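Shown here: input.cif, mmCIF, C-alpha atoms and all ligand atoms.
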data_input
#
loop_
_atom_site.group_PDB
_atom_site.id
_atom_site.type_symbol
_atom_site.label_atom_id
_atom_site.label_comp_id
_atom_site.auth_asym_id
_atom_site.auth_seq_id
_atom_site.Cartn_x
_atom_site.Cartn_y
_atom_site.Cartn_z
ATOM 1 C CA MET V 1 28.696 -87.310 0.180
ATOM 2 C CA PRO V 2 25.417 -85.337 0.083
ATOM 3 C CA SER V 3 24.415 -83.715 3.359
ATOM 4 C CA ALA V 4 21.031 -83.069 4.929
ATOM 5 C CA LEU V 5 19.472 -81.217 7.836
ATOM 6 C CA VAL V 6 16.374 -82.904 9.270
ATOM 7 C CA THR V 7 14.321 -81.041 11.886
ATOM 8 C CA GLY V 8 12.003 -82.945 14.198
ATOM 9 C CA ALA V 9 14.421 -85.854 13.910
ATOM 10 C CA THR V 10 14.236 -87.037 17.515
ATOM 11 C CA SER V 11 10.870 -88.730 17.067
ATOM 12 C CA GLY V 12 8.328 -90.187 14.672
ATOM 13 C CA ILE V 13 8.523 -89.335 10.971
ATOM 14 C CA GLY V 14 11.609 -87.117 11.322
ATOM 15 C CA LYS V 15 13.637 -89.795 13.090
ATOM 16 C CA ALA V 16 12.643 -92.443 10.534
ATOM 17 C CA THR V 17 13.560 -89.978 7.767
ATOM 18 C CA ALA V 18 16.985 -89.202 9.233
ATOM 19 C CA LEU V 19 17.778 -92.920 9.466
ATOM 20 C CA ALA V 20 16.417 -93.698 5.980
ATOM 21 C CA LEU V 21 18.542 -90.877 4.528
ATOM 22 C CA GLY V 22 21.511 -92.355 6.408
ATOM 23 C CA ASP V 23 20.782 -95.746 4.834
ATOM 24 C CA ALA V 24 20.636 -94.061 1.418
ATOM 25 C CA GLY V 25 24.143 -92.595 1.821
ATOM 26 C CA TRP V 26 23.446 -89.134 3.246
ATOM 27 C CA TRP V 27 25.388 -87.417 6.040
ATOM 28 C CA VAL V 28 22.608 -86.143 8.337
ATOM 29 C CA LEU V 29 22.397 -83.392 10.952
ATOM 30 C CA ALA V 30 19.423 -84.332 13.115
ATOM 31 C CA SER V 31 17.645 -81.718 15.208
ATOM 32 C CA GLY V 32 14.847 -81.804 17.764
ATOM 33 C CA LEU V 33 13.909 -80.895 21.304
ATOM 34 C CA ASP V 34 14.913 -83.967 23.317
ATOM 35 C CA PRO V 35 18.716 -84.294 23.735
ATOM 36 C CA ASP V 36 18.600 -87.900 25.029
ATOM 37 C CA ARG V 37 16.656 -89.088 22.009
ATOM 38 C CA GLY V 38 18.859 -86.892 19.831
ATOM 39 C CA ARG V 39 22.004 -88.628 21.033
ATOM 40 C CA GLU V 40 20.443 -92.022 20.239
ATOM 41 C CA VAL V 41 19.670 -90.859 16.695
ATOM 42 C CA GLU V 42 23.228 -89.516 16.398
ATOM 43 C CA LYS V 43 24.642 -92.939 17.322
ATOM 44 C CA GLU V 44 22.436 -94.638 14.764
ATOM 45 C CA LEU V 45 23.513 -92.131 12.079
ATOM 46 C CA GLN V 46 27.180 -92.661 12.860
ATOM 47 C CA ALA V 47 26.673 -96.383 12.250
ATOM 48 C CA ARG V 48 25.399 -95.459 8.760
ATOM 49 C CA HIS V 49 27.090 -92.754 6.638
ATOM 50 C CA GLY V 50 27.762 -90.274 9.433
ATOM 51 C CA GLY V 51 25.805 -87.613 11.213
ATOM 52 C CA ALA V 52 25.339 -85.578 14.347
ATOM 53 C CA PHE V 53 22.630 -84.184 16.603
ATOM 54 C CA LEU V 54 22.171 -80.518 17.459
ATOM 55 C CA GLY V 55 19.171 -79.672 19.624
ATOM 56 C CA GLY V 56 17.286 -76.421 19.886
ATOM 57 C CA ASP V 57 13.838 -74.891 20.007
ATOM 58 C CA LEU V 58 13.066 -73.703 16.487
ATOM 59 C CA THR V 59 10.894 -70.875 17.789
ATOM 60 C CA ASP V 60 14.158 -69.261 18.920
ATOM 61 C CA ASP V 61 15.188 -67.246 15.872
ATOM 62 C CA ARG V 62 18.884 -68.037 16.376
ATOM 63 C CA VAL V 63 18.383 -71.794 16.009
ATOM 64 C CA PRO V 64 17.761 -72.139 12.231
ATOM 65 C CA GLN V 65 21.055 -70.354 11.458
ATOM 66 C CA LEU V 66 22.933 -72.377 14.104
ATOM 67 C CA LEU V 67 21.728 -75.608 12.468
ATOM 68 C CA VAL V 68 22.756 -74.495 8.992
ATOM 69 C CA ASP V 69 26.153 -73.302 10.274
ATOM 70 C CA ARG V 70 26.787 -76.634 12.020
ATOM 71 C CA LEU V 71 25.993 -78.646 8.880
ATOM 72 C CA LEU V 72 28.309 -76.413 6.843
ATOM 73 C CA GLU V 73 31.077 -76.825 9.441
ATOM 74 C CA GLU V 74 30.705 -80.596 9.364
ATOM 75 C CA THR V 75 30.367 -81.185 5.618
ATOM 76 C CA GLY V 76 30.922 -77.893 3.776
ATOM 77 C CA ARG V 77 27.602 -78.416 1.961
ATOM 78 C CA ILE V 78 23.855 -78.247 2.478
ATOM 79 C CA ASP V 79 22.086 -80.308 -0.143
ATOM 80 C CA LEU V 80 18.790 -80.992 1.615
ATOM 81 C CA VAL V 81 16.601 -79.535 4.329
ATOM 82 C CA VAL V 82 13.697 -81.608 5.617
ATOM 83 C CA ASN V 83 11.346 -79.438 7.667
ATOM 84 C CA CYS V 84 9.665 -82.060 9.823
ATOM 85 C CA ALA V 85 9.363 -80.430 13.275
ATOM 86 C CA GLY V 86 5.713 -79.972 14.086
ATOM 87 C CA ILE V 87 3.051 -79.853 16.763
ATOM 88 C CA HIS V 88 -0.676 -80.538 16.702
ATOM 89 C CA PHE V 89 -3.760 -79.933 18.800
ATOM 90 C CA LEU V 90 -7.468 -80.384 18.293
ATOM 91 C CA ALA V 91 -9.659 -77.252 18.287
ATOM 92 C CA ALA V 92 -12.410 -75.853 16.102
ATOM 93 C CA LEU V 93 -12.556 -72.076 15.771
ATOM 94 C CA ASP V 94 -14.830 -71.542 18.800
ATOM 95 C CA GLU V 95 -12.421 -73.567 20.963
ATOM 96 C CA LEU V 96 -9.229 -71.936 19.701
ATOM 97 C CA GLU V 97 -6.970 -69.836 21.954
ATOM 98 C CA LEU V 98 -5.007 -67.273 19.944
ATOM 99 C CA GLU V 99 -1.858 -67.992 21.964
ATOM 100 C CA SER V 100 -2.025 -71.682 21.034
ATOM 101 C CA PHE V 101 -2.570 -70.683 17.408
ATOM 102 C CA ASP V 102 0.548 -68.468 17.473
ATOM 103 C CA ARG V 103 2.634 -71.204 19.055
ATOM 104 C CA LEU V 104 1.554 -73.803 16.490
ATOM 105 C CA MET V 105 2.176 -71.445 13.576
ATOM 106 C CA ALA V 106 5.604 -70.576 15.006
ATOM 107 C CA VAL V 107 6.683 -74.227 15.087
ATOM 108 C CA ASN V 108 4.934 -75.622 12.008
ATOM 109 C CA LEU V 109 5.213 -72.713 9.592
ATOM 110 C CA ARG V 110 7.498 -69.895 10.724
ATOM 111 C CA ALA V 111 10.314 -72.251 11.750
ATOM 112 C CA ALA V 112 10.119 -74.136 8.427
ATOM 113 C CA LEU V 113 10.328 -70.845 6.567
ATOM 114 C CA ALA V 114 13.229 -69.684 8.758
ATOM 115 C CA VAL V 115 15.225 -72.905 8.230
ATOM 116 C CA ALA V 116 14.691 -72.781 4.454
ATOM 117 C CA ARG V 117 15.630 -69.091 4.481
ATOM 118 C CA ALA V 118 18.855 -69.793 6.375
ATOM 119 C CA ALA V 119 19.828 -72.648 4.020
ATOM 120 C CA LEU V 120 18.944 -70.922 0.748
ATOM 121 C CA PRO V 121 22.000 -68.637 0.263
ATOM 122 C CA HIS V 122 24.346 -71.634 0.604
ATOM 123 C CA MET V 123 22.256 -73.780 -1.710
ATOM 124 C CA LEU V 124 22.263 -70.999 -4.301
ATOM 125 C CA GLN V 125 25.999 -70.528 -3.914
ATOM 126 C CA GLN V 126 26.719 -74.238 -4.432
ATOM 127 C CA GLY V 127 24.394 -74.372 -7.462
ATOM 128 C CA GLY V 128 21.412 -76.209 -6.033
ATOM 129 C CA GLY V 129 19.632 -77.860 -3.142
ATOM 130 C CA THR V 130 16.299 -79.268 -2.040
ATOM 131 C CA VAL V 131 13.790 -78.233 0.625
ATOM 132 C CA ILE V 132 11.225 -80.830 1.651
ATOM 133 C CA ASN V 133 8.381 -79.519 3.755
ATOM 134 C CA VAL V 134 6.555 -82.231 5.669
ATOM 135 C CA ALA V 135 3.016 -80.885 5.370
ATOM 136 C CA SER V 136 -0.047 -83.137 5.740
ATOM 137 C CA GLU V 137 -3.260 -84.394 4.202
ATOM 138 C CA ALA V 138 -4.658 -81.711 6.537
ATOM 139 C CA GLY V 139 -3.115 -79.064 4.290
ATOM 140 C CA ILE V 140 -5.263 -80.322 1.410
ATOM 141 C CA VAL V 141 -8.625 -81.066 3.030
ATOM 142 C CA ALA V 142 -10.206 -79.443 6.085
ATOM 143 C CA VAL V 143 -9.875 -82.179 8.696
ATOM 144 C CA PRO V 144 -12.521 -81.362 11.333
ATOM 145 C CA ARG V 145 -11.583 -79.656 14.634
ATOM 146 C CA GLN V 146 -8.039 -78.718 13.754
ATOM 147 C CA VAL V 147 -8.273 -75.296 12.178
ATOM 148 C CA ALA V 148 -4.822 -74.101 13.298
ATOM 149 C CA TYR V 149 -3.035 -77.261 12.188
ATOM 150 C CA ASN V 150 -4.851 -77.354 8.833
ATOM 151 C CA LEU V 151 -3.930 -73.714 8.164
ATOM 152 C CA SER V 152 -0.277 -74.290 9.050
ATOM 153 C CA LYS V 153 -0.026 -77.244 6.676
ATOM 154 C CA ALA V 154 -1.852 -75.494 3.819
ATOM 155 C CA ALA V 155 0.604 -72.618 4.207
ATOM 156 C CA MET V 156 3.552 -75.037 4.164
ATOM 157 C CA ILE V 157 2.318 -76.383 0.831
ATOM 158 C CA MET V 158 2.279 -72.823 -0.486
ATOM 159 C CA LEU V 159 5.753 -72.231 0.950
ATOM 160 C CA SER V 160 7.129 -75.071 -1.221
ATOM 161 C CA ARG V 161 5.360 -73.637 -4.266
ATOM 162 C CA CYS V 162 6.760 -70.155 -3.593
ATOM 163 C CA ILE V 163 10.333 -71.414 -3.213
ATOM 164 C CA ALA V 164 10.021 -73.379 -6.469
ATOM 165 C CA ALA V 165 8.497 -70.407 -8.287
ATOM 166 C CA ASP V 166 11.281 -68.080 -7.181
ATOM 167 C CA TYR V 167 14.349 -70.343 -7.328
ATOM 168 C CA ALA V 168 13.785 -73.428 -9.528
ATOM 169 C CA HIS V 169 15.716 -71.781 -12.349
ATOM 170 C CA ARG V 170 18.705 -71.550 -9.985
ATOM 171 C CA GLY V 171 18.732 -75.254 -9.135
ATOM 172 C CA ILE V 172 16.531 -75.204 -6.045
ATOM 173 C CA ARG V 173 13.756 -77.746 -5.548
ATOM 174 C CA ALA V 174 11.031 -77.440 -2.916
ATOM 175 C CA VAL V 175 8.473 -80.199 -2.508
ATOM 176 C CA SER V 176 5.799 -80.882 0.109
ATOM 177 C CA VAL V 177 5.386 -84.407 1.353
ATOM 178 C CA CYS V 178 1.863 -84.778 2.721
ATOM 179 C CA PRO V 179 1.473 -87.768 5.016
ATOM 180 C CA GLY V 180 -1.857 -89.117 6.097
ATOM 181 C CA THR V 181 -2.335 -90.147 9.708
ATOM 182 C CA THR V 182 0.741 -92.118 10.705
ATOM 183 C CA ARG V 183 1.404 -93.888 13.972
ATOM 184 C CA THR V 184 3.817 -91.601 15.887
ATOM 185 C CA PRO V 185 3.956 -90.026 19.371
ATOM 186 C CA LEU V 186 2.181 -86.926 17.954
ATOM 187 C CA VAL V 187 -0.773 -89.026 16.757
ATOM 188 C CA GLU V 188 -0.834 -91.142 19.901
ATOM 189 C CA GLU V 189 -1.175 -87.904 21.911
ATOM 190 C CA ALA V 190 -3.992 -86.689 19.650
ATOM 191 C CA ILE V 191 -5.793 -90.031 20.097
ATOM 192 C CA ALA V 192 -5.343 -89.907 23.867
ATOM 193 C CA SER V 193 -6.732 -86.343 24.036
ATOM 194 C CA ALA V 194 -9.953 -87.202 22.171
ATOM 195 C CA PRO V 195 -13.105 -87.620 24.291
ATOM 196 C CA ASP V 196 -13.290 -91.331 23.300
ATOM 197 C CA PRO V 197 -9.733 -92.390 22.334
ATOM 198 C CA GLN V 198 -10.632 -95.852 21.012
ATOM 199 C CA ALA V 199 -13.424 -94.494 18.828
ATOM 200 C CA HIS V 200 -11.107 -91.729 17.604
ATOM 201 C CA GLU V 201 -8.406 -94.219 16.574
ATOM 202 C CA ARG V 202 -10.985 -96.378 14.760
ATOM 203 C CA MET V 203 -12.305 -93.297 12.972
ATOM 204 C CA LEU V 204 -8.775 -92.254 11.899
ATOM 205 C CA ALA V 205 -8.128 -95.662 10.347
ATOM 206 C CA GLU V 206 -11.559 -96.187 8.806
ATOM 207 C CA SER V 207 -11.841 -92.708 7.312
ATOM 208 C CA ARG V 208 -9.420 -93.691 4.539
ATOM 209 C CA PRO V 209 -9.613 -96.292 1.769
ATOM 210 C CA ALA V 210 -6.542 -98.135 3.130
ATOM 211 C CA ARG V 211 -8.409 -98.562 6.481
ATOM 212 C CA ARG V 212 -5.181 -98.284 8.459
ATOM 213 C CA LEU V 213 -2.749 -95.687 9.768
ATOM 214 C CA GLY V 214 0.547 -95.141 7.974
ATOM 215 C CA ALA V 215 3.921 -96.378 9.192
ATOM 216 C CA VAL V 216 6.805 -93.926 9.660
ATOM 217 C CA GLU V 217 9.024 -96.001 7.348
ATOM 218 C CA GLU V 218 6.538 -95.496 4.498
ATOM 219 C CA ILE V 219 6.662 -91.704 4.875
ATOM 220 C CA ALA V 220 10.456 -91.731 5.243
ATOM 221 C CA ALA V 221 10.777 -93.744 2.015
ATOM 222 C CA ALA V 222 8.700 -91.129 0.163
ATOM 223 C CA ILE V 223 10.970 -88.368 1.498
ATOM 224 C CA VAL V 224 14.133 -90.227 0.412
ATOM 225 C CA PHE V 225 12.567 -90.641 -3.045
ATOM 226 C CA VAL V 226 11.764 -86.917 -3.294
ATOM 227 C CA ALA V 227 15.289 -86.044 -2.119
ATOM 228 C CA SER V 228 16.918 -88.041 -4.896
ATOM 229 C CA ASP V 229 18.515 -86.206 -7.827
ATOM 230 C CA ARG V 230 16.923 -88.849 -10.018
ATOM 231 C CA VAL V 231 13.625 -86.975 -9.652
ATOM 232 C CA GLY V 232 15.208 -83.564 -10.206
ATOM 233 C CA TYR V 233 12.249 -82.410 -12.318
ATOM 234 C CA LEU V 234 9.875 -82.844 -9.336
ATOM 235 C CA ASN V 235 9.434 -79.322 -8.036
ATOM 236 C CA GLY V 236 6.944 -77.117 -6.203
ATOM 237 C CA THR V 237 4.298 -79.777 -5.934
ATOM 238 C CA GLU V 238 3.008 -82.252 -3.352
ATOM 239 C CA VAL V 239 3.674 -85.932 -2.859
ATOM 240 C CA VAL V 240 0.628 -87.217 -0.992
ATOM 241 C CA ILE V 241 1.054 -90.469 0.950
ATOM 242 C CA ASP V 242 -2.183 -90.865 2.872
ATOM 243 C CA GLY V 243 -3.766 -94.285 2.250
ATOM 244 C CA GLY V 244 -6.135 -92.560 -0.170
ATOM 245 C CA TYR V 245 -7.659 -90.132 2.388
ATOM 246 C CA THR V 246 -7.734 -87.123 0.074
ATOM 247 C CA VAL V 247 -9.155 -88.917 -2.982
ATOM 248 C CA VAL V 248 -12.585 -89.824 -1.553
HETATM 249 N N1 LIG V 301 1.991 -88.414 12.434
HETATM 250 C C1 LIG V 301 1.117 -88.062 11.525
HETATM 251 O O1 LIG V 301 0.053 -88.657 11.368
HETATM 252 C C2 LIG V 301 1.401 -86.913 10.630
HETATM 253 C C3 LIG V 301 0.579 -86.747 9.509
HETATM 254 C C4 LIG V 301 0.830 -85.684 8.660
HETATM 255 C C5 LIG V 301 1.877 -84.821 8.926
HETATM 256 N N2 LIG V 301 2.639 -85.005 10.035
HETATM 257 C C6 LIG V 301 3.716 -84.059 10.275
HETATM 258 O O2 LIG V 301 4.936 -84.752 10.341
HETATM 259 C C7 LIG V 301 5.819 -84.059 11.229
HETATM 260 C C8 LIG V 301 6.343 -85.025 12.274
HETATM 261 O O3 LIG V 301 5.243 -85.518 13.002
HETATM 262 P P1 LIG V 301 5.371 -86.760 13.999
HETATM 263 O O4 LIG V 301 4.038 -87.363 14.047
HETATM 264 O O5 LIG V 301 6.553 -87.568 13.656
HETATM 265 O O6 LIG V 301 5.603 -85.950 15.379
HETATM 266 P P2 LIG V 301 6.417 -86.274 16.723
HETATM 267 O O7 LIG V 301 5.678 -85.590 17.816
HETATM 268 O O8 LIG V 301 6.720 -87.725 16.841
HETATM 269 O O9 LIG V 301 7.789 -85.487 16.471
HETATM 270 C C9 LIG V 301 7.814 -84.097 16.415
HETATM 271 C C10 LIG V 301 9.254 -83.614 16.312
HETATM 272 O O10 LIG V 301 9.240 -82.189 16.244
HETATM 273 C C11 LIG V 301 10.135 -81.666 17.208
HETATM 274 N N3 LIG V 301 9.659 -80.368 17.697
HETATM 275 C C12 LIG V 301 8.434 -80.059 18.193
HETATM 276 N N4 LIG V 301 8.417 -78.779 18.585
HETATM 277 C C13 LIG V 301 9.644 -78.254 18.289
HETATM 278 C C14 LIG V 301 10.245 -76.988 18.464
HETATM 279 N N5 LIG V 301 9.597 -75.960 19.046
HETATM 280 N N6 LIG V 301 11.540 -76.829 18.076
HETATM 281 C C15 LIG V 301 12.233 -77.847 17.521
HETATM 282 N N7 LIG V 301 11.705 -79.069 17.322
HETATM 283 C C16 LIG V 301 10.427 -79.270 17.716
HETATM 284 C C17 LIG V 301 10.148 -82.700 18.323
HETATM 285 O O11 LIG V 301 11.334 -82.570 19.119
HETATM 286 C C18 LIG V 301 10.123 -83.994 17.509
HETATM 287 O O12 LIG V 301 11.423 -84.312 17.065
HETATM 288 C C19 LIG V 301 5.022 -82.894 11.814
HETATM 289 O O13 LIG V 301 5.304 -81.726 11.081
HETATM 290 C C20 LIG V 301 3.596 -83.325 11.589
HETATM 291 O O14 LIG V 301 2.731 -82.237 11.506
HETATM 292 C C21 LIG V 301 2.425 -86.031 10.890
#

For this file, produce the structure as structure tokens.
Ligand SMILES: NC(=O)c1ccc[n+]([C@@H]2O[C@H](COP(=O)([O-])OP(=O)(O)OC[C@H]3O[C@@H](n4cnc5c(N)ncnc54)[C@H](O)[C@@H]3O)[C@@H](O)[C@H]2O)c1
Amino acid sequence: MPSALVTGATSGIGKATALALGDAGWWVLASGLDPDRGREVEKELQARHGGAFLGGDLTDDRVPQLLVDRLLEETGRIDLVVNCAGIHFLAALDELELESFDRLMAVNLRAALAVARAALPHMLQQGGGTVINVASEAGIVAVPRQVAYNLSKAAMIMLSRCIAADYAHRGIRAVSVCPGTTRTPLVEEAIASAPDPQAHERMLAESRPARRLGAVEEIAAAIVFVASDRVGYLNGTEVVIDGGYTVV
């Protein structure tokens, strides 16, 4: 059975992805910050094709290796890493605190790089593996008032390209999945923190041709598609699932 590590799997897109991978026959190690939610996800995975939860703050440099080691202990393989843990806040450059910038980059970018780096030697040893970086439409266009987040997601897109450039010939795939605004706790918090939350939510929906927010199941389905060996020639690039936001 193929095995996957999904970070950020206690909530939102990551949780939906862990469960969709479970439905598609994967054994899944789910990670995230909240142990209660993690145990719920673990139960749901065990009712599918098996899985476990291991919590941990990914800004602690020991955690990426602990996650990889646990997946190897459980299944002896690491076929897929989905880097989905992420945080977000609104700030244009004149509003940005450097400490907040560092924290966001540590979670969104450095942790994704560290998890991929920890998984890579085992993937190379077993002859292949896939890294999916959950980036964003905000890594492609400059969404206003979120300079730190946009930068982190643009860098994640480049991280996938770099991994593909360096390791595709050794059986490694790295692909960015770029969701548009999707209804999750992260987005609900962003809406609530806007000066006029209702107007902000309307703007988020109406700023895209689809005129609605995405659903977590839609993003999870794209990730399961990218993870499949059937699209083994898909490498280094982005799969954008954003209701058309980046095409207008
Ligand atoms: N929701 C959207 O509209 C949207 C759009 C584009 C991209 N994304 C990206 O998708 C990913 C998931 O977003 P979501 O909306 O589901 O968010 P969410 O807030 O619902 O979930 C975030 C997850 O990340 C984990 N996490 C946060 N900080 C962590 C840390 N320090 N260590 C370990 N885990 C940590 C949380 O425990 C949780 O499991 C993020 O990377 C986000 O940037 C979301």

Pick out the residues no farther than 6 Å from ligand LIG 301 (chain V), counting only C-alpha atoms and all ligand atoms, and list them as a PyMOL selection string.
-> chain V and resi 8-14+32-34+56-59+84-87+107+134-136+179-187

Closest to His88 in chain V among V:Gly76, V:Val147, V:Gly51, V:Ala114, using all atoms listed in the file?
-> V:Val147

Minimum-distance residue to Glu189 in chain V, chosen among V:Val6, V:Leu90, V:Val41, V:Val175 (using all atoms listed in the file) = V:Leu90

Quick one: of V:Thr237, V:Ser3, V:Thr75, V:Asn108, who's nearest to Cys162 in chain V, counting all atoms listed in the file?
->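 That would be V:Thr237, the residue with the smallest distance to Cys162 in chain V.
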
Which residue of V:Val247, V:Ala52, V:Ala16, V:Met105 approaches Asn150 in chain V most closely, using all atoms listed in the file |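 Smallest separation from Asn150 in chain V among the options: V:Met105.
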
Counting all atoms listed in the file, the residue among V:Gly139, V:Pro2, V:Gly25, V:Gly38 that lies closest to Ala154 in chain V is V:Gly139

Record the distance separating CA of Gly128 in chain V and CA of Ile241 in chain V, expressed in Å with one decimal.
->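 A separation of 25.8 Å between them.
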
Report the residues retrieved by the PyMOL selection byres (((chain V and resi 216-230) around 10) and not hetatm) from the displayed file, expressed as a ChimeraX atom specification.
-> /V:4,11-24,26,79-82,129-134,173-184,213-215,231-235,238-242

Those residues with C-alpha atoms, as a PDB file, keeping the file's coordinate frame please?
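Saved file result.pdb follows:
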ATOM      1  CA  ALA V   4      21.031 -83.069   4.929  1.00  0.00           C
ATOM      2  CA  SER V  11      10.870 -88.730  17.067  1.00  0.00           C
ATOM      3  CA  GLY V  12       8.328 -90.187  14.672  1.00  0.00           C
ATOM      4  CA  ILE V  13       8.523 -89.335  10.971  1.00  0.00           C
ATOM      5  CA  GLY V  14      11.609 -87.117  11.322  1.00  0.00           C
ATOM      6  CA  LYS V  15      13.637 -89.795  13.090  1.00  0.00           C
ATOM      7  CA  ALA V  16      12.643 -92.443  10.534  1.00  0.00           C
ATOM      8  CA  THR V  17      13.560 -89.978   7.767  1.00  0.00           C
ATOM      9  CA  ALA V  18      16.985 -89.202   9.233  1.00  0.00           C
ATOM     10  CA  LEU V  19      17.778 -92.920   9.466  1.00  0.00           C
ATOM     11  CA  ALA V  20      16.417 -93.698   5.980  1.00  0.00           C
ATOM     12  CA  LEU V  21      18.542 -90.877   4.528  1.00  0.00           C
ATOM     13  CA  GLY V  22      21.511 -92.355   6.408  1.00  0.00           C
ATOM     14  CA  ASP V  23      20.782 -95.746   4.834  1.00  0.00           C
ATOM     15  CA  ALA V  24      20.636 -94.061   1.418  1.00  0.00           C
ATOM     16  CA  TRP V  26      23.446 -89.134   3.246  1.00  0.00           C
ATOM     17  CA  ASP V  79      22.086 -80.308  -0.143  1.00  0.00           C
ATOM     18  CA  LEU V  80      18.790 -80.992   1.615  1.00  0.00           C
ATOM     19  CA  VAL V  81      16.601 -79.535   4.329  1.00  0.00           C
ATOM     20  CA  VAL V  82      13.697 -81.608   5.617  1.00  0.00           C
ATOM     21  CA  GLY V 129      19.632 -77.860  -3.142  1.00  0.00           C
ATOM     22  CA  THR V 130      16.299 -79.268  -2.040  1.00  0.00           C
ATOM     23  CA  VAL V 131      13.790 -78.233   0.625  1.00  0.00           C
ATOM     24  CA  ILE V 132      11.225 -80.830   1.651  1.00  0.00           C
ATOM     25  CA  ASN V 133       8.381 -79.519   3.755  1.00  0.00           C
ATOM     26  CA  VAL V 134       6.555 -82.231   5.669  1.00  0.00           C
ATOM     27  CA  ARG V 173      13.756 -77.746  -5.548  1.00  0.00           C
ATOM     28  CA  ALA V 174      11.031 -77.440  -2.916  1.00  0.00           C
ATOM     29  CA  VAL V 175       8.473 -80.199  -2.508  1.00  0.00           C
ATOM     30  CA  SER V 176       5.799 -80.882   0.109  1.00  0.00           C
ATOM     31  CA  VAL V 177       5.386 -84.407   1.353  1.00  0.00           C
ATOM     32  CA  CYS V 178       1.863 -84.778   2.721  1.00  0.00           C
ATOM     33  CA  PRO V 179       1.473 -87.768   5.016  1.00  0.00           C
ATOM     34  CA  GLY V 180      -1.857 -89.117   6.097  1.00  0.00           C
ATOM     35  CA  THR V 181      -2.335 -90.147   9.708  1.00  0.00           C
ATOM     36  CA  THR V 182       0.741 -92.118  10.705  1.00  0.00           C
ATOM     37  CA  ARG V 183       1.404 -93.888  13.972  1.00  0.00           C
ATOM     38  CA  THR V 184       3.817 -91.601  15.887  1.00  0.00           C
ATOM     39  CA  LEU V 213      -2.749 -95.687   9.768  1.00  0.00           C
ATOM     40  CA  GLY V 214       0.547 -95.141   7.974  1.00  0.00           C
ATOM     41  CA  ALA V 215       3.921 -96.378   9.192  1.00  0.00           C
ATOM     42  CA  VAL V 231      13.625 -86.975  -9.652  1.00  0.00           C
ATOM     43  CA  GLY V 232      15.208 -83.564 -10.206  1.00  0.00           C
ATOM     44  CA  TYR V 233      12.249 -82.410 -12.318  1.00  0.00           C
ATOM     45  CA  LEU V 234       9.875 -82.844  -9.336  1.00  0.00           C
ATOM     46  CA  ASN V 235       9.434 -79.322  -8.036  1.00  0.00           C
ATOM     47  CA  GLU V 238       3.008 -82.252  -3.352  1.00  0.00           C
ATOM     48  CA  VAL V 239       3.674 -85.932  -2.859  1.00  0.00           C
ATOM     49  CA  VAL V 240       0.628 -87.217  -0.992  1.00  0.00           C
ATOM     50  CA  ILE V 241       1.054 -90.469   0.950  1.00  0.00           C
ATOM     51  CA  ASP V 242      -2.183 -90.865   2.872  1.00  0.00           C
TER      52      ASP V 242
END

For Phe101 in chain V, work out the shell of residues within 10 Å, counting only C-alpha atoms and skipping chain neighbours fewer than 4 positions away, then give it as number ranges by chain.
-> V: 89, 91, 96-97, 105-106, 147-149, 151-152

A straight line from CA of Ser31 in chain V to CA of Ile157 in chain V spans 21.7 Å

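Coordinates place CA of Ala30 in chain V at a distance of 22.7 Å from CA of Ile163 in chain V.
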
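Between Asp69 in chain V and the residues V:Leu29, V:Glu95, V:Arg211, V:Gln46, the shortest atom-to-atom distance, using all atoms listed in the file, involves V:Leu29.
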
8 Å contact set for Tyr245 in chain V, only C-alpha atoms, chain neighbours under 5 positions out, as a ChimeraX atom specification | /V:137,180,207-209

Find the smallest box with edges along x, y and z containing every listed atom of range 176-195 of chain V, then add 3 Å on each side and report centre and edge lengths in Å to one decimal, as lines of an AutoDock Vina configuration file.
center_x = -3.7
center_y = -87.4
center_z = 12.2
size_x = 24.9
size_y = 19.0
size_z = 30.2

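Close to (19.8, -68.1, -3.5), meaning no more than 12 Å away when counting only C-alpha atoms, sit the residues Ala116, Arg117, Ala118, Ala119, Leu120, Pro121, His122, Met123, Leu124, Gln125, Gln126, Gly127, Gly128, Gly129, Thr130, Ile163, Ala164, Asp166, Tyr167, Ala168, His169, Arg170, Gly171, Ile172 and Arg173 of chain V.
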